[in-house]
Every structure is written in structure tokens, then in C-alpha cells.
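Student: Would you mind keeping the following structure in view while I ask a few things?
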Amino acid sequence: MTRTAFVFPGQGSECAGLGRELLALRPDLADTYYRTADDLLGIPLARICRDGSPRDFEDPAVAQPAVFLTSLAVLEVLRGEGLEPDAVAGHSLGEYAALVAAGVLEWTEALWLVRLRAELVATAGDRIGSATVAVIGPPRSDLVRLCAEARAATGQVVEVAGDNEPRQTVVSGQAAAVERVAREAGAAGARVERLRTGGPFHSSLLGEAAAEFTETLIATEFRDPAVPLVSGVTGGWVTTAAEAAVTLRGQLTSPVRWTEAVATLAGSGVDRYVEVGPGRVLSGLVRRILPGARVHPTCTADRLLGAVDALTAATV
């Protein structure tokens, strides 16, 4: 029996026109989500997501709400077709959309958290002088060693910030130390991609930002998941409102454990994955973690409609 997970992408999946085809397909979503967000945040997200240029997404406080909202709009389309997941999970920022999909957070509350999170991290990144890279090739253990060597050589903080798949590790920290890791990994044959995240996400450098963020989380209402939910912070199941709050509190300073999260989903019998939102980053990661999995991106109107057809056929 087919079991389906909806997985939600994070920052890095944004692009110019990320909501254009979706809004052409379902114009009502502009009022349901985008214009409501415009009013709440004071950002013209409806315009930016439809007609924005790449420069509009350089600010994480714009890019992250845009990805979050577009994921929710795609989710609305899927649910409008009567399609529901057997489980949900989100990668970094995508965890907020997953929490909404699971009924843990109301979407406007999650939107405020997404915006605050982006602003706090960007402020910390400017103050610290940070950098983030994805290293493709060597195993995670090699990057742990290179980070330790870079810390010893530079006196700066650099850490593994994400385990995206067995051969892709994200490293985040202070710029000089990150550059040393990138240089050493590249010299050993790895491919290194510099990421524009706006700050040292998922590292201990965000301790102060996490403390300020926690003050807002304490005032936020969390509910028990109505849909089985896997956390990218722990790689395991979240079963209560209290657990959901704890995982979000630790998310800023904890590495993303995406390989473990996907393994947990697969261990529960999930064999179909729908990437709900812009881009195809998670589709590629899931295919590399689980080569036999059925994966459906939804980043264009054609792909979204194809996913609806495939899911509908699977439930017949």
C-alpha cells in the first residue's frame, strides 16, 4: 500500500516568479495567502512572488516568507483535490509549513515566526561576519574533522549545519573558518557551493538570537499534530504540542538532520514524496537518499497537476 509524505522546502528554493504559474492556475490564492501576508508584514509579497526579480529575494526576510507562503498555496491546491498526506516533514524553514500542514500552528502565526527568524539571523550574520557552504562528495565525518581543524587554526566558530544527504553536508560559521573548510575540502576533490542564507543558520553562533526567538515562541499557541510529523531537528517523530515547541526552539542552533528525517519516513512505510512548494531541491535530496522512492515536485503548474494526477491514481 502506498504511503505518501508531503515535504516542504526551505530557503534556497526561491526564484523570480516562484508564484506566477500557481497564481495563474488559482488566482483566488492571491487573496487567501499572499495579500493577507502583505497586510500582516507590510511587504508586497503578492507582487514579488508573481513578478519579482532575483534581487527581491536577496533579503531573507522576503525570501523566507515567499517560500513559506508558496508552499502553503500549493498545499491548498492539493487539499482542494482531496489529497492528504500520511506524514509531513520540512527542511529548515520548511519545518514551519510542515507544522501548519500538521495543524500544530495557525498559518499567520507561523508567518510571523518565519519573518522574525529571518530578521534575527540576518542581524546576527551581519554582526558576526558569517558564511555558509554546501560540500558535495566527502562523508559528514570528514567535514566534522575539517571544522575542528579550522576552529583550531583560526580561533573562529565553524560547524556542520546540515546533513542533507549522505554525500552533501552544509557547513556554517564565521567567514574565515568557513572559507578554510571550503578550501581544504575543495583541494581534496569535493565540490563546494557557497550559499546565500543571510546568516549562520543552524549553528551555535545563533544562541543569542535563539534566546530572543524563544520569547516569542513561548507566547505562541502550539497544538498536538493532527498529521504524523517528522522533525528535521531530531530526525524523529513529533507527537505533542510541547515537543513541537521544543524542536522549534532548538532549530536555530541545531543542524538539519534531513537524511535521518527521510529515513524515519521511509521506516514508517512512506514510499512516495511530494515536494510541496517552489523548487526541486528536496526532490533531488530524497532521490539520493532513497533511490527507489517515487518523488513529485510541484514547482510548476504542469508538475503540480502531474502530482495531483499521480496521487489521485494512487488512492483509487
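Naming works like this for the C-alpha cells: A, B, ... for the chains as they're shown, residue 1 at the start of each chain, ligands 1 onward in shown order.
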Give me the residues near A:Val62 as a ChimeraX atom specification, where near means some atom within 10 Å (using only C-alpha atoms) and where sequence neighbours in that chain fewer than 4 positions away do not count.
Tutor: /A:14,41,43-45,48-49,56-58,66-67,114-115,118-119
Student: Contacts of A:Phe68 at 12 Å or less, counting only C-alpha atoms, minus same-chain residues fewer than 6 places along, as a count of residues only?
Tutor: 43
Student: Select from stretch 109-158 of chain A everything DSSP, run on the backbone, classes as strand (DSSP E), then give the selection as a list in words.
Tutor: Ser130, Ala131, Thr132, Val133, Ala134, Val135, Ile136 and Val158 of chain A
Student: Do you know which residues are at most 10 Å from A:Ser141 counting only C-alpha atoms, after dropping those on the same chain fewer than 6 positions away, and could you put them as a PDB file with N, CA, C and O atoms, in the first residue's frame?
Tutor:
```pdb
ATOM      1  N   CYS A 147      36.142  20.943  10.155  1.00  0.00           N
ATOM      2  CA  CYS A 147      35.655  22.037  11.007  1.00  0.00           C
ATOM      3  C   CYS A 147      36.511  22.163  12.269  1.00  0.00           C
ATOM      4  O   CYS A 147      36.852  23.277  12.695  1.00  0.00           O
ATOM      5  N   VAL A 160      29.236  21.855  11.372  1.00  0.00           N
ATOM      6  CA  VAL A 160      28.315  21.193  10.445  1.00  0.00           C
ATOM      7  C   VAL A 160      26.913  21.670  10.783  1.00  0.00           C
ATOM      8  O   VAL A 160      26.443  21.541  11.901  1.00  0.00           O
ATOM      9  N   THR A 169      26.895  17.871   2.758  1.00  0.00           N
ATOM     10  CA  THR A 169      26.924  18.411   4.117  1.00  0.00           C
ATOM     11  C   THR A 169      27.029  19.922   4.057  1.00  0.00           C
ATOM     12  O   THR A 169      27.803  20.465   3.260  1.00  0.00           O
TER      13      THR A 169
END
```
Student: Report, in Å with one decimal, the straight-line distance from atom CA of A:Thr259 to atom CA of A:Ile289.
Tutor: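 Between atom CA of A:Thr259 and atom CA of A:Ile289 the gap works out to 6.7 Å.
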Student: Taking the backbone alone, and naming residues the way the document does, which bits of stretch 126-316 of chain A are alpha helix (DSSP H) by DSSP, as a VMD selection string?
Tutor: chain A and resid 126 to 128 140 to 154 175 to 187 207 to 218 241 to 251 258 to 267 281 to 289 301 to 315
Student: Find the residues near A:Ala153: any atom within 12 Å, counting only C-alpha atoms, skip ones fewer than 2 places away on the same chain, and give them as a PyMOL selection string.
Tutor: chain A and resi 146-151+155-158+176-181
Student: Those same residues - C-alpha atoms - I'd like them written as an mmCIF file, in the first residue's frame.
Tutor:
```cif
data_model
loop_
_atom_site.group_PDB
_atom_site.id
_atom_site.type_symbol
_atom_site.label_atom_id
_atom_site.label_comp_id
_atom_site.auth_asym_id
_atom_site.auth_seq_id
_atom_site.Cartn_x
_atom_site.Cartn_y
_atom_site.Cartn_z
ATOM 1 C CA LEU A 146 37.813 19.822 8.788
ATOM 2 C CA CYS A 147 35.655 22.037 11.007
ATOM 3 C CA ALA A 148 37.679 21.058 14.065
ATOM 4 C CA GLU A 149 40.921 21.831 12.235
ATOM 5 C CA ALA A 150 39.592 25.185 11.028
ATOM 6 C CA ARG A 151 38.487 26.156 14.543
ATOM 7 C CA GLY A 155 40.031 30.616 16.514
ATOM 8 C CA GLN A 156 36.625 31.073 14.869
ATOM 9 C CA VAL A 157 33.409 29.075 15.070
ATOM 10 C CA VAL A 158 32.575 26.738 12.193
ATOM 11 C CA ALA A 176 37.381 32.900 7.710
ATOM 12 C CA ALA A 177 36.844 29.485 9.280
ATOM 13 C CA VAL A 178 34.198 28.510 6.730
ATOM 14 C CA GLU A 179 36.480 29.589 3.882
ATOM 15 C CA ARG A 180 39.257 27.417 5.287
ATOM 16 C CA VAL A 181 36.936 24.394 5.368
#
```
Student: Let me make sure I understand: among A:Gly162, A:Thr298, A:Pro139, A:Arg167, which one has the smallest atom-to-atom distance to A:Thr234 if we use only C-alpha atoms?
Tutor: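 Closest candidate: A:Gly162.
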Student: Excluding same-chain residues fewer than 2 positions from stretch 210-221 of chain A, what lies within 7 Å of it counting only C-alpha atoms, as a ChimeraX atom specification?
Tutor: /A:117,206-208,223,249,252
Student: Any chance you could tabulate, as a Markdown table, the residues of stretch 127-244 of chain A at most 12 Å from stretch 268-274 of chain A with each one's nearest atom pair and distance in Å to one decimal, using only C-alpha atoms, in chain and rising number order?
Tutor:
```
| residue | atom | partner | partner_atom | distance |
| --- | --- | --- | --- | --- |
| A:Pro228 | CA | A:Ser268 | CA | 10.3 |
| A:Leu229 | CA | A:Ser268 | CA | 11.5 |
| A:Val230 | CA | A:Ser268 | CA | 10.8 |
| A:Gly236 | CA | A:Ser268 | CA | 11.1 |
| A:Trp237 | CA | A:Ser268 | CA | 10.4 |
```
Student: Once you have the residues from the selection above, write them out as a tab-separated table (two decimals), in the first residue's frame, restricted to N, CA and C atoms.
Tutor:
```
chain	number	residue	atom	x	y	z
A	228	PRO	N	0.80	12.86	11.25
A	228	PRO	CA	2.13	12.44	11.70
A	228	PRO	C	3.22	13.37	11.15
A	229	LEU	N	4.10	13.80	12.05
A	229	LEU	CA	5.08	14.86	11.75
A	229	LEU	C	6.48	14.41	12.15
A	230	VAL	N	7.42	14.56	11.22
A	230	VAL	CA	8.82	14.28	11.49
A	230	VAL	C	9.59	15.59	11.55
A	236	GLY	N	13.30	12.60	14.15
A	236	GLY	CA	12.31	11.67	14.68
A	236	GLY	C	10.92	12.26	14.69
A	237	TRP	N	9.97	11.49	15.20
A	237	TRP	CA	8.57	11.90	15.22
A	237	TRP	C	8.31	12.95	16.29
```
Student: I'd like the contact shell of A:Arg303 - 12 Å cut-off, only C-alpha atoms, skipping same-chain residues fewer than 3 positions apart - returned as a compact mmCIF listing (two decimals) with C-alpha atoms, in the first residue's frame.
Tutor:
```txt
# COMPACT_ATOMS: atom_id res chain seq x y z
CA GLU A 21 2.20 29.89 -12.55
CA LEU A 22 0.45 28.94 -9.33
CA VAL A 74 0.46 24.55 -3.17
CA VAL A 274 5.60 15.24 -2.77
CA GLU A 275 7.76 18.37 -2.59
CA VAL A 276 5.12 20.95 -1.70
CA GLY A 277 6.35 24.36 -2.80
CA PRO A 278 8.87 26.04 -5.09
CA GLY A 279 12.00 24.42 -6.48
CA ARG A 280 13.18 20.82 -6.72
CA VAL A 295 9.13 11.76 -5.96
CA HIS A 296 6.87 14.53 -7.24
CA PRO A 297 7.96 18.20 -7.35
CA THR A 298 5.20 20.81 -7.65
CA CYS A 299 7.23 23.86 -8.69
CA THR A 300 5.39 24.49 -11.98
CA GLY A 306 1.02 15.86 -12.65
CA ALA A 307 1.45 15.30 -8.93
CA VAL A 308 -2.32 15.61 -8.43
CA ASP A 309 -2.93 13.03 -11.17
CA ALA A 310 -0.36 10.61 -9.71
```
Student: So the first atom is atom CA of A:Val192 and the second is atom CA of A:Ser130; what is the distance between them in Å, to one decimal place?
Tutor: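 Taking atom CA of A:Val192 and atom CA of A:Ser130, their separation equals 16.2 Å.
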Student: Tell me which of A:Leu40, A:Leu116, A:Val227, A:Ala188 sits closest to A:Asp142, counting only C-alpha atoms.
Tutor: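 Checking each candidate against A:Asp142, we get A:Ala188 as the closest.
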Student: Between A:Gly103, A:Gly52, A:Val144, A:Ser204, which residue has the minimum interatomic distance to A:Asp224, considering only C-alpha atoms?
Tutor: A:Gly103
Student: Tell me, in Å to one decimal, how far atom CA of A:Gly284 is from atom CA of A:Gln168.
Tutor: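 Those two atoms sit 11.3 Å apart.
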Student: With only C-alpha atoms as the atoms that count, which of A:Val104, A:Pro65, A:Phe222, A:Glu84 lies nearest to A:Thr312?
Tutor: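 Result for the nearest residue to A:Thr312: A:Glu84.
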Student: Pick from A:Val7, A:Val171, A:Ala242, A:Ala122: nearest to A:Leu195, with only C-alpha atoms counted?
Tutor: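 Of A:Val7, A:Val171, A:Ala242, A:Ala122, the one nearest A:Leu195, counting only C-alpha atoms, is A:Val171.
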Student: Mind checking which residues fall within 7 Å of A:Ser203, counting only C-alpha atoms, ignoring those fewer than 3 positions away in the same chain, and posting them as a tab-separated table (two decimals) with N, CA, C and O atoms, in the first residue's frame?
Tutor:
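Listing of selection33.tsv after writing:
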```
chain	number	residue	atom	x	y	z
A	159	GLU	N	30.88	25.01	12.03
A	159	GLU	CA	30.21	23.77	12.43
A	159	GLU	C	29.46	23.14	11.27
A	159	GLU	O	29.07	23.85	10.32
A	161	ALA	N	26.24	22.25	9.78
A	161	ALA	CA	24.92	22.84	9.99
A	161	ALA	C	23.81	22.03	9.35
A	161	ALA	O	22.63	22.33	9.55
A	172	SER	N	28.49	25.92	8.37
A	172	SER	CA	28.15	27.32	8.65
A	172	SER	C	29.01	27.85	9.78
A	172	SER	O	29.47	27.08	10.63
A	173	GLY	N	29.26	29.15	9.78
A	173	GLY	CA	30.03	29.75	10.86
A	173	GLY	C	30.62	31.08	10.47
A	173	GLY	O	30.12	31.76	9.57
A	200	PRO	N	24.32	32.64	9.84
A	200	PRO	CA	24.83	31.30	10.18
A	200	PRO	C	23.75	30.37	10.74
A	200	PRO	O	23.79	29.95	11.90
A	206	LEU	N	24.14	31.34	16.86
A	206	LEU	CA	22.82	31.95	16.97
A	206	LEU	C	22.20	31.78	18.35
A	206	LEU	O	20.98	31.91	18.51
A	252	LEU	N	17.28	26.87	15.48
A	252	LEU	CA	18.26	27.85	15.02
A	252	LEU	C	19.69	27.41	15.29
A	252	LEU	O	20.60	27.72	14.52
A	253	THR	N	19.91	26.71	16.37
A	253	THR	CA	21.27	26.34	16.77
A	253	THR	C	21.60	24.88	16.50
A	253	THR	O	22.73	24.45	16.75
A	254	SER	N	20.64	24.10	16.00
A	254	SER	CA	20.86	22.67	15.77
A	254	SER	C	21.00	22.39	14.28
A	254	SER	O	20.32	23.01	13.46
A	255	PRO	N	21.84	21.43	13.89
A	255	PRO	CA	21.96	21.09	12.47
A	255	PRO	C	20.70	20.42	11.94
A	255	PRO	O	19.95	19.79	12.69
```
